[in-house]
file model_37.cif (mmCIF, C-alpha atoms)
data_data
loop_
_atom_site.label_atom_id
_atom_site.label_comp_id
_atom_site.auth_asym_id
_atom_site.auth_seq_id
_atom_site.Cartn_x
_atom_site.Cartn_y
_atom_site.Cartn_z
CA MET T 702 6.94 -5.04 -18.35
CA ILE T 703 3.45 -4.49 -16.90
CA GLY T 704 4.92 -2.43 -14.06
CA TYR T 705 6.91 -0.37 -16.59
CA LEU T 706 3.81 0.40 -18.69
CA SER T 707 1.72 1.27 -15.61
CA ASN T 708 4.28 3.96 -14.67
CA LEU T 709 4.46 5.42 -18.20
CA HIS T 710 3.11 8.95 -18.64
CA PHE T 711 2.80 10.98 -21.87
CA ALA T 712 3.63 14.70 -21.76
CA ALA T 713 2.15 15.43 -25.23
CA PRO T 714 -0.63 12.87 -25.72
CA TRP T 715 -2.28 14.89 -28.57
CA TRP T 716 0.33 13.43 -30.91
CA PHE T 717 -1.60 10.14 -30.72
CA ILE T 718 -4.05 11.72 -33.17
CA GLY T 719 -1.35 10.99 -35.74
CA LEU T 720 -1.99 7.26 -35.28
CA LEU T 721 -5.18 7.76 -37.27
CA ILE T 722 -3.04 7.87 -40.42
CA LEU T 723 -1.97 4.24 -39.94
CA PRO T 724 -5.25 2.61 -41.11
CA TRP T 725 -5.08 4.78 -44.25
CA MET T 726 -1.47 3.69 -44.89
CA ILE T 727 -2.42 0.02 -44.51
CA TRP T 728 -5.34 0.48 -46.91
CA TRP T 729 -3.16 2.31 -49.44
CA GLN T 730 -0.44 -0.32 -49.26
CA PHE T 731 -2.55 -3.49 -49.38
CA TYR T 732 -5.99 -2.65 -50.79
CA SER T 733 -5.84 0.42 -53.02
CA GLY T 734 -4.28 -1.41 -55.98
CA LYS T 735 -2.00 1.58 -56.73
CA THR T 736 1.15 0.17 -55.20
CA LYS T 737 1.21 -3.23 -56.91
CA PRO T 738 4.54 -4.08 -58.54
CA SER T 739 4.94 -4.62 -62.31
CA TYR T 740 4.70 -8.14 -63.70
CA ILE T 741 6.54 -9.97 -66.51
CA ILE T 742 4.24 -11.84 -68.88
CA ILE T 743 5.57 -15.18 -70.07
CA SER T 744 3.95 -17.70 -72.34
CA ASP T 745 4.09 -20.80 -70.15
CA LEU T 746 4.21 -21.18 -66.32
CA ARG T 747 4.40 -24.96 -66.19
CA GLY T 748 8.09 -24.90 -65.44
CA LEU T 749 7.50 -22.62 -62.40
CA GLU T 750 4.66 -24.56 -60.79
CA GLY T 751 5.18 -25.26 -57.07
CA ILE T 752 8.20 -23.01 -56.78
CA THR T 753 7.92 -20.74 -53.75
CA SER T 754 10.46 -19.22 -51.40
CA TRP T 755 10.58 -17.36 -48.12
CA LYS T 756 11.21 -14.14 -50.09
CA GLU T 757 7.92 -14.56 -51.90
CA ARG T 758 6.04 -15.11 -48.62
CA PHE T 759 7.72 -12.24 -46.79
CA PHE T 760 7.75 -9.62 -49.56
CA PRO T 761 4.06 -8.51 -49.25
CA TYR T 762 4.63 -7.70 -45.57
CA LEU T 763 7.77 -5.62 -46.06
CA PRO T 764 5.84 -2.29 -45.94
CA LEU T 765 4.69 -3.13 -42.40
CA LEU T 766 8.21 -2.32 -41.16
CA LYS T 767 7.77 1.24 -42.45
CA ILE T 768 4.26 1.52 -40.95
CA PHE T 769 5.43 0.27 -37.54
CA ALA T 770 8.36 2.71 -37.67
CA ILE T 771 5.97 5.64 -38.23
CA ALA T 772 3.83 4.42 -35.29
CA LEU T 773 6.91 4.41 -33.05
CA PHE T 774 7.87 7.92 -34.22
CA ILE T 775 4.39 9.18 -33.27
CA ILE T 776 4.69 7.57 -29.82
CA ALA T 777 8.10 9.19 -29.39
CA MET T 778 6.59 12.60 -30.31
CA ALA T 779 4.01 12.08 -27.54
CA ARG T 780 6.96 12.23 -25.11
CA PRO T 781 6.60 9.09 -23.00
CA GLN T 782 7.95 9.63 -19.50
CA LEU T 783 8.58 7.18 -16.70
CA SER T 784 6.96 8.28 -13.47
CA LEU T 785 9.31 7.73 -10.53
CA THR T 786 7.46 8.12 -7.25
CA GLU T 787 9.18 8.62 -3.92
CA GLU T 788 7.29 8.51 -0.62
CA LYS T 789 8.55 10.01 2.58
CA VAL T 790 6.63 8.44 5.46
CA LYS T 791 6.43 10.14 8.81
CA ALA T 792 4.79 7.72 11.24
CA GLU T 793 3.80 8.31 14.83
CA GLY T 794 4.89 4.78 15.68
CA ILE T 795 3.55 2.56 18.41
CA ASP T 796 5.83 0.27 20.39
CA ILE T 797 4.22 -3.13 20.96
CA MET T 798 5.46 -5.99 23.11
CA LEU T 799 3.83 -9.37 22.59
CA VAL T 800 3.90 -11.48 25.77
CA MET T 801 3.27 -15.16 25.02
CA ASP T 802 2.57 -17.95 27.51
CA LEU T 803 4.63 -21.12 26.88
CA SER T 804 3.36 -23.22 29.78
CA SER T 805 2.50 -26.86 29.01
CA SER T 806 -1.24 -26.10 29.13
CA MET T 807 -0.79 -24.17 25.86
CA LEU T 808 -0.65 -27.61 24.19
CA SER T 809 -4.32 -28.22 25.04
CA LYS T 810 -6.29 -29.53 22.07
CA ASP T 811 -9.39 -27.32 22.37
CA PHE T 812 -7.80 -25.31 19.51
CA ASP T 813 -6.73 -26.99 16.27
CA PRO T 814 -4.00 -28.22 16.50
CA ASP T 815 -3.42 -26.63 19.92
CA ARG T 816 -3.60 -23.28 21.70
CA LEU T 817 0.05 -22.37 21.10
CA GLU T 818 0.08 -23.00 17.35
CA VAL T 819 -3.09 -20.98 16.80
CA SER T 820 -1.81 -18.18 19.03
CA LYS T 821 1.44 -18.05 17.04
CA MET T 822 -0.32 -17.96 13.66
CA VAL T 823 -2.76 -15.22 14.67
CA ALA T 824 0.01 -13.17 16.28
CA LYS T 825 2.07 -13.37 13.06
CA GLU T 826 -0.88 -12.09 11.04
CA PHE T 827 -1.19 -9.17 13.49
CA VAL T 828 2.52 -8.35 13.22
CA GLU T 829 2.37 -8.28 9.42
CA LYS T 830 -0.38 -5.64 9.55
CA ARG T 831 1.58 -3.24 11.78
CA VAL T 832 3.92 -1.99 9.07
CA HIS T 833 5.26 1.14 10.80
CA ASP T 834 5.42 -0.05 14.43
CA ARG T 835 8.26 -1.45 16.47
CA ILE T 836 7.35 -4.86 17.84
CA GLY T 837 9.08 -7.13 20.35
CA LEU T 838 8.43 -10.53 21.90
CA VAL T 839 8.58 -11.78 25.50
CA VAL T 840 7.88 -15.41 26.44
CA PHE T 841 7.16 -16.86 29.84
CA SER T 842 6.15 -20.01 31.66
CA GLY T 843 7.78 -20.62 35.06
CA GLU T 844 10.22 -17.82 34.19
CA ALA T 845 10.41 -15.13 31.52
CA PHE T 846 12.86 -13.66 29.03
CA THR T 847 12.95 -11.38 26.01
CA GLN T 848 12.86 -13.49 22.86
CA CYS T 849 13.09 -10.46 20.54
CA PRO T 850 13.67 -6.80 21.51
CA LEU T 851 11.69 -4.00 19.85
CA THR T 852 12.40 -3.87 16.14
CA THR T 853 10.90 -2.67 12.87
CA ASP T 854 12.18 -5.82 11.13
CA HIS T 855 8.95 -7.78 11.38
CA ASN T 856 10.42 -10.79 9.57
CA ILE T 857 12.61 -11.40 12.59
CA VAL T 858 9.60 -11.18 14.92
CA THR T 859 7.57 -13.63 12.85
CA ASP T 860 10.55 -16.00 12.65
CA PHE T 861 10.84 -15.99 16.44
CA LEU T 862 7.09 -16.57 16.76
CA SER T 863 7.31 -19.56 14.42
CA GLY T 864 10.05 -21.10 16.55
CA LEU T 865 8.24 -20.89 19.90
CA GLN T 866 7.80 -24.25 21.65
CA VAL T 867 6.60 -25.46 24.99
CA GLY T 868 9.56 -26.62 27.07
CA MET T 869 11.88 -23.74 26.22
CA LEU T 870 11.56 -22.61 29.86
CA GLN T 871 10.81 -24.21 33.22
CA ASP T 872 7.13 -25.09 33.34
CA GLY T 873 4.67 -22.95 35.26
CA THR T 874 2.77 -19.70 34.71
CA ALA T 875 4.66 -16.60 35.84
CA ILE T 876 2.32 -13.89 34.52
CA GLY T 877 3.92 -11.21 36.69
CA MET T 878 7.40 -12.05 35.40
CA GLY T 879 6.28 -11.95 31.77
CA LEU T 880 4.52 -8.62 32.23
CA ALA T 881 7.41 -7.04 34.15
CA THR T 882 9.94 -8.16 31.52
CA ALA T 883 7.87 -6.52 28.77
CA VAL T 884 7.47 -3.30 30.79
CA ASN T 885 11.23 -3.19 31.26
CA ARG T 886 11.64 -3.22 27.47
CA LEU T 887 9.16 -0.37 27.04
CA LYS T 888 9.94 1.94 29.96
CA ASP T 889 12.59 3.96 28.11
CA SER T 890 10.67 4.11 24.85
CA GLU T 891 9.87 7.56 23.43
CA ALA T 892 7.00 6.26 21.31
CA LYS T 893 3.70 8.12 21.40
CA SER T 894 1.95 4.94 22.51
CA LYS T 895 3.32 1.89 24.33
CA ILE T 896 1.25 -1.26 24.58
CA ILE T 897 1.58 -4.85 25.74
CA ILE T 898 -0.52 -7.74 24.47
CA LEU T 899 -0.44 -10.40 27.18
CA LEU T 900 -1.75 -13.84 26.17
CA THR T 901 -2.12 -16.63 28.71
CA ASP T 902 -4.30 -19.63 29.47
CA GLY T 903 -3.60 -20.18 33.15
CA VAL T 904 -3.31 -18.94 36.72
CA ASN T 905 -0.22 -17.19 38.06
CA ASN T 906 1.64 -19.85 40.05
CA ALA T 907 5.34 -19.06 39.60
CA GLY T 908 7.83 -16.19 39.57
CA TYR T 909 8.83 -13.68 42.23
CA ILE T 910 6.93 -10.66 40.85
CA ASN T 911 3.25 -10.26 41.66
CA PRO T 912 1.17 -9.57 38.53
CA ASN T 913 -0.57 -6.61 40.22
CA THR T 914 2.81 -5.13 41.05
CA ALA T 915 3.90 -5.52 37.42
CA ALA T 916 0.65 -3.84 36.33
CA GLU T 917 1.34 -0.89 38.67
CA ILE T 918 4.80 -0.52 37.11
CA ALA T 919 3.22 -0.59 33.64
CA LYS T 920 0.80 2.15 34.69
CA GLU T 921 3.68 4.21 36.05
CA TYR T 922 5.38 4.15 32.65
CA ASN T 923 2.13 4.79 30.71
CA VAL T 924 2.12 1.30 29.22
CA LYS T 925 -1.31 0.04 28.20
CA VAL T 926 -1.89 -3.70 28.64
CA TYR T 927 -4.35 -5.74 26.59
CA THR T 928 -4.92 -9.13 28.20
CA ILE T 929 -6.17 -12.21 26.35
CA ALA T 930 -7.41 -15.34 28.13
CA VAL T 931 -7.08 -18.32 25.77
CA GLY T 932 -9.07 -21.52 26.25
CA THR T 933 -12.56 -22.94 26.00
CA MET T 934 -15.05 -22.92 28.85
CA GLY T 935 -15.30 -26.12 30.91
CA GLN T 936 -12.90 -28.95 30.06
CA ALA T 937 -10.27 -29.52 27.40
CA LEU T 938 -7.87 -32.28 26.34
CA SER T 939 -4.75 -31.06 28.13
CA PRO T 940 -1.27 -32.30 29.16
CA VAL T 941 -1.48 -33.96 32.58
CA ASN T 942 1.86 -35.75 32.80
CA ARG T 943 5.06 -36.58 30.92
CA ARG T 944 6.55 -39.92 29.97
CA SER T 945 10.19 -40.79 30.54
CA ASP T 946 10.92 -39.92 26.90
CA GLY T 947 9.58 -36.38 27.42
CA GLN T 948 6.30 -36.88 25.54
CA TYR T 949 3.20 -35.36 27.12
CA MET T 950 0.26 -37.49 28.23
CA PHE T 951 -3.16 -35.95 27.58
CA ALA T 952 -6.45 -36.25 29.41
CA MET T 953 -9.59 -34.17 29.89
CA ALA T 954 -8.97 -31.43 32.46
CA THR T 955 -10.82 -28.39 33.72
CA VAL T 956 -9.75 -25.13 32.08
CA GLU T 957 -8.47 -22.78 34.81
CA ILE T 958 -7.81 -19.18 33.85
CA ASP T 959 -7.54 -16.30 36.30
CA THR T 960 -9.86 -14.04 34.32
CA GLU T 961 -10.33 -11.74 37.31
CA LEU T 962 -6.58 -11.04 37.47
CA LEU T 963 -6.40 -10.36 33.73
CA GLN T 964 -9.33 -7.95 33.99
CA GLN T 965 -7.63 -6.11 36.85
CA ILE T 966 -4.38 -5.75 34.88
CA SER T 967 -6.17 -4.33 31.84
CA GLN T 968 -8.29 -1.94 33.93
CA MET T 969 -5.30 -0.64 35.89
CA THR T 970 -3.43 0.23 32.69
CA ASP T 971 -6.37 1.58 30.64
CA GLY T 972 -6.22 -1.48 28.40
CA LYS T 973 -8.89 -4.05 27.66
CA TYR T 974 -9.58 -7.68 28.59
CA PHE T 975 -10.52 -10.30 25.98
CA ARG T 976 -11.62 -13.93 26.07
CA ALA T 977 -10.69 -16.26 23.19
CA ILE T 978 -12.47 -19.60 23.03
CA ASP T 979 -11.52 -20.51 19.45
CA ARG T 980 -9.37 -19.33 16.55
CA GLU T 981 -12.07 -17.06 15.12
CA SER T 982 -12.56 -15.20 18.39
CA LEU T 983 -8.78 -14.82 18.79
CA GLU T 984 -8.52 -13.35 15.27
CA ASN T 985 -11.33 -10.93 16.10
CA ILE T 986 -9.51 -9.87 19.26
CA TYR T 987 -6.31 -9.03 17.41
CA SER T 988 -8.35 -7.21 14.76
CA GLU T 989 -10.01 -5.10 17.44
CA ILE T 990 -6.66 -4.28 19.02
CA ASP T 991 -5.42 -3.34 15.55
CA ARG T 992 -8.35 -0.91 15.19
CA LEU T 993 -7.93 0.53 18.69
CA GLU T 994 -4.21 1.19 18.28
CA LYS T 995 -3.95 2.92 14.91
CA THR T 996 -0.64 4.38 13.77
CA GLU T 997 -0.83 7.98 12.53
CA ILE T 998 0.96 8.21 9.19
CA GLU T 999 1.87 11.32 7.24
CA VAL T 1000 2.92 10.55 3.68
CA ASN T 1001 4.62 13.08 1.42
CA VAL T 1002 4.69 11.99 -2.22
CA TYR T 1003 7.35 13.27 -4.59
CA LYS T 1004 7.15 12.56 -8.33
CA ARG T 1005 9.79 13.02 -10.99
CA TYR T 1006 9.73 11.99 -14.61
CA LYS T 1007 12.36 10.39 -16.85
CA ASP T 1008 12.01 10.88 -20.63
CA GLU T 1009 11.68 7.56 -22.44
CA PHE T 1010 11.06 8.84 -26.01
CA ARG T 1011 14.55 7.80 -27.16
CA LYS T 1012 13.68 4.11 -26.85
CA PHE T 1013 10.74 4.50 -29.24
CA LEU T 1014 12.68 6.83 -31.56
CA TYR T 1015 15.63 4.45 -31.85
CA ALA T 1016 13.30 1.46 -32.35
CA GLY T 1017 11.53 3.33 -35.17
CA LEU T 1018 14.83 4.27 -36.82
CA PHE T 1019 15.97 0.66 -36.57
CA LEU T 1020 12.83 -0.62 -38.31
CA LEU T 1021 13.15 2.07 -40.97
CA LEU T 1022 16.78 1.11 -41.57
CA ILE T 1023 15.87 -2.58 -41.87
CA TRP T 1024 13.11 -1.69 -44.36
CA TRP T 1025 15.51 0.40 -46.48
CA LEU T 1026 18.26 -2.25 -46.46
CA LEU T 1027 15.88 -5.03 -47.44
CA SER T 1028 14.22 -2.96 -50.15
CA GLN T 1029 17.63 -2.08 -51.65
CA THR T 1030 19.08 -5.57 -51.50
CA ILE T 1031 17.08 -8.78 -51.14
CA PHE T 1032 13.73 -7.24 -52.14
CA ARG T 1033 14.96 -4.65 -54.59
CA ILE T 1034 12.45 -3.93 -57.40
CA LEU T 1035 13.83 -3.35 -60.87
CA ASN T 1036 11.75 -0.98 -63.00
#
call {"tool": "encode", "arguments": {"input": "model_37.cif", "output": "structure tokens"}}
result
Amino acid sequence: MIGYLSNLHFAAPWWFIGLLILPWMIWWQFYSGKTKPSYIIISDLRGLEGITSWKERFFPYLPLLKIFAIALFIIAMARPQLSLTEEKVKAEGIDIMLVMDLSSSMLSKDFDPDRLEVSKMVAKEFVEKRVHDRIGLVVFSGEAFTQCPLTTDHNIVTDFLSGLQVGMLQDGTAIGMGLATAVNRLKDSEAKSKIIILLTDGVNNAGYINPNTAAEIAKEYNVKVYTIAVGTMGQALSPVNRRSDGQYMFAMATVEIDTELLQQISQMTDGKYFRAIDRESLENIYSEIDRLEKTEIEVNVYKRYKDEFRKFLYAGLFLLLIWWLLSQTIFRILN
């Protein structure tokens, strides 16, 4: 109802001046003393004491039906119209591949509850902001694969992000494989801008593609790479071993991140390197990337109007009919 009223437009609003007659009608009907009905004078009222009915209570308000009907007629004369807005959006979209590290070190507890969960939550917030972009997801640890190809259905992307878990792939940190897989998804894209957001917390120690080679391929296809190193400085409570039941054993371990490699990758591809030591800094990084990679949007707005006066006209006629029927039957006055 609120949405309906907010889209209502009046083509002839000067008719609302007619509403000024309503206070006069109310005064004339209830306070002027000129419309009071005739009374029968009887000698004794003792036999009628305490006798009341719904007719007696309702009768004084019967003229309100006529007054409300006139108000609805005036609104109908003002020509209420429903504004129907159509937007045609032309967006110079950006294709974005998120590359997420799923190595066991992403379970380190220097983030609350751990690096992976925070990285997933912040990435989902970023995806929800990029309304007009195609976004995909690549995951890697000791190997890499495409979890979600480029799509404009961001609900699918966020669902895949929510489901990411350590252990989905062989353990390790194959940065080159993750980067190359993402480049392969972007190389044939015709988007104005193609970017990769590579998030990792380790040192490349697996895979058969060198990260620098993958960066050169990205540069060849005009793919810009933003690299994010996740993890506090010094030591963190990290997985160091696994029990026979598959549960990880945690202990304090030195945080090892190849920041020099990540800086090289970003510089080679005209991207930017970032360091995230807590959730706040990671959120700021994604916000900065969001500002740096703005989507150009051209919006054409088309408006058309649908006349709604009939609803008010018919409602007024209905009230007027009810008033006439009641005044000629139940509340008929005999002169």
call {"tool": "resolve_selection", "arguments": {"input": "model_37.cif", "expression": "the PyMOL selection byres ((chain T and resi 897) around 12)", "output": "ChimeraX atom specification"}}
result
/T:795-801,835-839,851,879-888,894-896,898-900,915-916,919-920,922-929,966-967,970-974,990,994
call {"tool": "resolve_selection", "arguments": {"input": "model_37.cif", "expression": "the PyMOL selection byres ((chain T and resi 1012) around 12)", "output": "number ranges by chain"}}
result
T: 773-774, 776-778, 780-783, 1007-1011, 1013-1019
call {"tool": "resolve_selection", "arguments": {"input": "model_37.cif", "expression": "the PyMOL selection byres ((chain T and resi 878) around 9)", "output": "MDAnalysis selection string"}}
result
chainID T and resid 841:846 874:877 879:883 907:912 915
call {"tool": "residues_around", "arguments": {"input": "model_37.cif", "residues": "region 724-734 of chain T", "least_positions_apart": "3", "cutoff": "9 Å", "atoms": "all atoms listed in the file", "output": "list in words"}}
result
Leu720, Leu721, Lys737, Pro761, Pro764, Leu765 and Ile768 of chain T
call {"tool": "closest_residue", "arguments": {"input": "model_37.cif", "among": "T:Met934, T:Leu983, T:Leu1021, T:Leu993", "to": "Ala824 (chain T)", "atoms": "only C-alpha atoms"}}
result
T:Leu983
call {"tool": "closest_residue", "arguments": {"input": "model_37.cif", "among": "T:Leu1020, T:Ile857, T:Met869, T:Val931", "to": "Met807 (chain T)", "atoms": "all atoms listed in the file"}}
result
T:Val931
call {"tool": "closest_residue", "arguments": {"input": "model_37.cif", "among": "T:Trp1025, T:Phe769, T:Val828, T:Tyr762", "to": "Thr853 (chain T)", "atoms": "only C-alpha atoms"}}
result
T:Val828
call {"tool": "atom_distance", "arguments": {"input": "model_37.cif", "atom1": "CA of Ile1023 (chain T)", "atom2": "CA of Ala770 (chain T)"}}
result
10.1 Å
call {"tool": "closest_residue", "arguments": {"input": "model_37.cif", "among": "T:Ser982, T:Ser804, T:Thr933, T:Thr914", "to": "Gln965 (chain T)", "atoms": "all atoms listed in the file"}}
result
T:Thr914
call {"tool": "atom_distance", "arguments": {"input": "model_37.cif", "atom1": "CA of Asp834 (chain T)", "atom2": "CA of Ile986 (chain T)"}}
result
18.5 Å
call {"tool": "atom_distance", "arguments": {"input": "model_37.cif", "atom1": "CA of Asp802 (chain T)", "atom2": "CA of Thr901 (chain T)"}}
result
5.0 Å
call {"tool": "build_atoms", "arguments": {"input": "model_37.cif", "residues": "region 848-869 of chain T", "atoms": "N, CA and C atoms", "output": "PDB file, keeping the file's coordinate frame"}}
result
ATOM      1  N   GLN T 848      12.504 -12.699  24.042  1.00  0.00           N
ATOM      2  CA  GLN T 848      12.860 -13.490  22.860  1.00  0.00           C
ATOM      3  C   GLN T 848      13.333 -12.588  21.733  1.00  0.00           C
ATOM      4  N   CYS T 849      12.716 -11.402  21.604  1.00  0.00           N
ATOM      5  CA  CYS T 849      13.090 -10.460  20.540  1.00  0.00           C
ATOM      6  C   CYS T 849      12.857  -9.042  21.050  1.00  0.00           C
ATOM      7  N   PRO T 850      13.878  -8.191  21.086  1.00  0.00           N
ATOM      8  CA  PRO T 850      13.670  -6.800  21.510  1.00  0.00           C
ATOM      9  C   PRO T 850      12.870  -6.032  20.462  1.00  0.00           C
ATOM     10  N   LEU T 851      12.464  -4.824  20.782  1.00  0.00           N
ATOM     11  CA  LEU T 851      11.690  -4.000  19.850  1.00  0.00           C
ATOM     12  C   LEU T 851      12.457  -3.800  18.543  1.00  0.00           C
ATOM     13  N   THR T 852      11.768  -4.006  17.444  1.00  0.00           N
ATOM     14  CA  THR T 852      12.400  -3.870  16.140  1.00  0.00           C
ATOM     15  C   THR T 852      11.354  -3.555  15.082  1.00  0.00           C
ATOM     16  N   THR T 853      11.793  -2.897  14.013  1.00  0.00           N
ATOM     17  CA  THR T 853      10.900  -2.670  12.870  1.00  0.00           C
ATOM     18  C   THR T 853      11.057  -3.773  11.823  1.00  0.00           C
ATOM     19  N   ASP T 854      11.998  -4.687  12.034  1.00  0.00           N
ATOM     20  CA  ASP T 854      12.180  -5.820  11.130  1.00  0.00           C
ATOM     21  C   ASP T 854      11.195  -6.916  11.538  1.00  0.00           C
ATOM     22  N   HIS T 855      10.012  -6.865  10.958  1.00  0.00           N
ATOM     23  CA  HIS T 855       8.950  -7.780  11.380  1.00  0.00           C
ATOM     24  C   HIS T 855       9.202  -9.218  10.937  1.00  0.00           C
ATOM     25  N   ASN T 856      10.076  -9.417   9.959  1.00  0.00           N
ATOM     26  CA  ASN T 856      10.420 -10.790   9.570  1.00  0.00           C
ATOM     27  C   ASN T 856      11.113 -11.517  10.707  1.00  0.00           C
ATOM     28  N   ILE T 857      11.937 -10.787  11.447  1.00  0.00           N
ATOM     29  CA  ILE T 857      12.610 -11.400  12.590  1.00  0.00           C
ATOM     30  C   ILE T 857      11.589 -11.784  13.650  1.00  0.00           C
ATOM     31  N   VAL T 858      10.626 -10.898  13.910  1.00  0.00           N
ATOM     32  CA  VAL T 858       9.600 -11.180  14.920  1.00  0.00           C
ATOM     33  C   VAL T 858       8.797 -12.416  14.540  1.00  0.00           C
ATOM     34  N   THR T 859       8.369 -12.485  13.283  1.00  0.00           N
ATOM     35  CA  THR T 859       7.570 -13.630  12.850  1.00  0.00           C
ATOM     36  C   THR T 859       8.390 -14.919  12.860  1.00  0.00           C
ATOM     37  N   ASP T 860       9.685 -14.815  12.571  1.00  0.00           N
ATOM     38  CA  ASP T 860      10.550 -16.000  12.650  1.00  0.00           C
ATOM     39  C   ASP T 860      10.644 -16.505  14.088  1.00  0.00           C
ATOM     40  N   PHE T 861      10.789 -15.589  15.033  1.00  0.00           N
ATOM     41  CA  PHE T 861      10.840 -15.990  16.440  1.00  0.00           C
ATOM     42  C   PHE T 861       9.502 -16.599  16.881  1.00  0.00           C
ATOM     43  N   LEU T 862       8.402 -16.013  16.424  1.00  0.00           N
ATOM     44  CA  LEU T 862       7.090 -16.570  16.760  1.00  0.00           C
ATOM     45  C   LEU T 862       6.954 -17.997  16.236  1.00  0.00           C
ATOM     46  N   SER T 863       7.412 -18.222  15.020  1.00  0.00           N
ATOM     47  CA  SER T 863       7.310 -19.560  14.420  1.00  0.00           C
ATOM     48  C   SER T 863       8.098 -20.591  15.222  1.00  0.00           C
ATOM     49  N   GLY T 864       9.193 -20.161  15.829  1.00  0.00           N
ATOM     50  CA  GLY T 864      10.050 -21.100  16.550  1.00  0.00           C
ATOM     51  C   GLY T 864       9.667 -21.354  17.994  1.00  0.00           C
ATOM     52  N   LEU T 865       8.622 -20.708  18.488  1.00  0.00           N
ATOM     53  CA  LEU T 865       8.240 -20.890  19.900  1.00  0.00           C
ATOM     54  C   LEU T 865       7.748 -22.313  20.154  1.00  0.00           C
ATOM     55  N   GLN T 866       8.213 -22.894  21.266  1.00  0.00           N
ATOM     56  CA  GLN T 866       7.800 -24.250  21.650  1.00  0.00           C
ATOM     57  C   GLN T 866       7.653 -24.335  23.155  1.00  0.00           C
ATOM     58  N   VAL T 867       6.723 -25.159  23.561  1.00  0.00           N
ATOM     59  CA  VAL T 867       6.600 -25.460  24.990  1.00  0.00           C
ATOM     60  C   VAL T 867       7.834 -26.254  25.411  1.00  0.00           C
ATOM     61  N   GLY T 868       8.373 -25.936  26.580  1.00  0.00           N
ATOM     62  CA  GLY T 868       9.560 -26.620  27.070  1.00  0.00           C
ATOM     63  C   GLY T 868      10.814 -25.787  26.945  1.00  0.00           C
ATOM     64  N   MET T 869      10.710 -24.614  26.328  1.00  0.00           N
ATOM     65  CA  MET T 869      11.880 -23.740  26.220  1.00  0.00           C
ATOM     66  C   MET T 869      12.287 -23.201  27.597  1.00  0.00           C
TER      67      MET T 869
END
